[in-house]
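Participant: Have a look at the structure that comes next, please.
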Amino acid sequence: MSESPPRTDIHVEESPPAVAADAAEMFVQLAQQSVMMAKPFRVALSGGSTPRLMCGLITSDTFRHEVPWDNLRFFFGDERWVPHSHRDSNFKLANDLLFSKVGTDPNNIFAIQTEGISPDEAAAQYADTLRTEFNIAEGEIPEFDLILLGMGDDGHTASLFPGTDAVGERKKLVVATYVDKLTAHRITLTAPVLCAAREVIFMVVGDSKAPALEQVLQGPLNVNEYPAQLLRQTQGRVTWYVDRAAAAKMSA
Ligand code: 6PG
């Protein structure tokens with residue numbers, strides 16, 4: 001974990017569309033920078049509702065022609081334990097709103113397998129995929145160019161939910177986790193991977209997020225209760241795009 005103070009930028013916008021627009025602008029800028037550095041742009045996508053807004057923007061006429069799509073490699077920060085055709089699948093979300101809209105080369109999409117193997121096997125397989133695609137050895141941590149994250153009302157991020165063992169995982173890159181309150185399995189990147197990213201963008205909107213957001217950004221460190229606090233230890237820059245409703249309980 002980083003020794004130097006991490007860089008955290010917080011932007012409060014009037015509305016969810018404004019939050020999505022900020023995130024889309026930053027996504028495009030970061031993707032374009034990767035082309036200038038002649039390297040692939042490896043991004044991990046999140047699930048939930050906020051990516052819907054952003055995907056709609058980056059595939060719109062406003063942005064789609066500015067994105068070096070062939071240079072992007074798409075990964076997932078987490079996945080629900082459902083078939084990729086299921087309405088709750090993060091892969092389906094990305095495929096419907098992004099990949100199918102811009103014709104992403106399937107070779108540039110690295111989905112988490114959710115059928116035909118166990119959750120633990122899927123987690124181990126995805127960790128192998130990361131090692132291969134990032135060309136790293138066992139024990140090394142992949143450094144994503146960008147990880148997109150949301151935050152739940154309970155302060156979870158990716159599928160690192162409060163009170164679960166997954167929050168404390170510091171060796172594995174990917175774990176399977178059973179979330180009691182959802183009565184569901186999830187596959188998730190772990191804190192070491194999230195914290196190794198060069199750039200992390202959080203999109204958080206809505207008044208239901210206000211209590212947790214105040215704790216995550218301004219409360220005492222308690223990662224087991226507020227897993228999104230894990231990103232306080234990031235190596236890179238964490239940019240929070242939040243709307244006024246979500247920021248309502250934060251002190252100036
Ligand atoms: C998921 C996400 C999850 C999400 C939060 C916030 O698979 O659901 O990875 O961590 O980002 O639950 O969701 P919203 O974007 O809907 O607020």
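Convention: chains lettered A, B, ... in structure tokens order; per-chain residue numbering from 1; ligands numbered from 1 as shown.
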Pick out the residues no farther than 10 Å from ligand 1, counting only C-alpha atoms and all ligand atoms, and list them as a ChimeraX atom specification.
Facilitator: /A:45-53,76-80,88-91,93,148-161,186-189,202-206,208-209,228
Participant: Hey, what's within 10 Å of Ala24 (chain A) if we count only C-alpha atoms and toss same-chain stuff fewer than 6 positions away? As a list in words, please?
Facilitator: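 Using only C-alpha atoms, the neighbours found are Ala18, Leu30, Pro51, Leu53, Met54, Cys55, Gly56, Leu57, Ile58, Thr59 and Phe63 of chain A.
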Participant: A:His185, A:His65, A:Arg170, A:Arg87: which is nearest Leu230 (chain A), counting only C-alpha atoms?
Facilitator: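 The shortest atom-to-atom distance to Leu230 (chain A) comes from A:Arg170.
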Participant: Might you pull out every residue within 12 Å of Gln229 (chain A), with only C-alpha atoms counted and same-chain residues fewer than 6 positions away left off, and present them as a list in words?
Facilitator: Thr8, Met151, Asp154, Gly155, His156, Thr157, Leu160, Phe161, Pro162, Val167, Ala191, Leu194, Cys195, Phe202, Ala212, Leu213, Glu214, Gln215, Val216, Leu217, Gln218, Gly219, Pro220, Leu221, Asn222, Val223 and Val238 of chain A
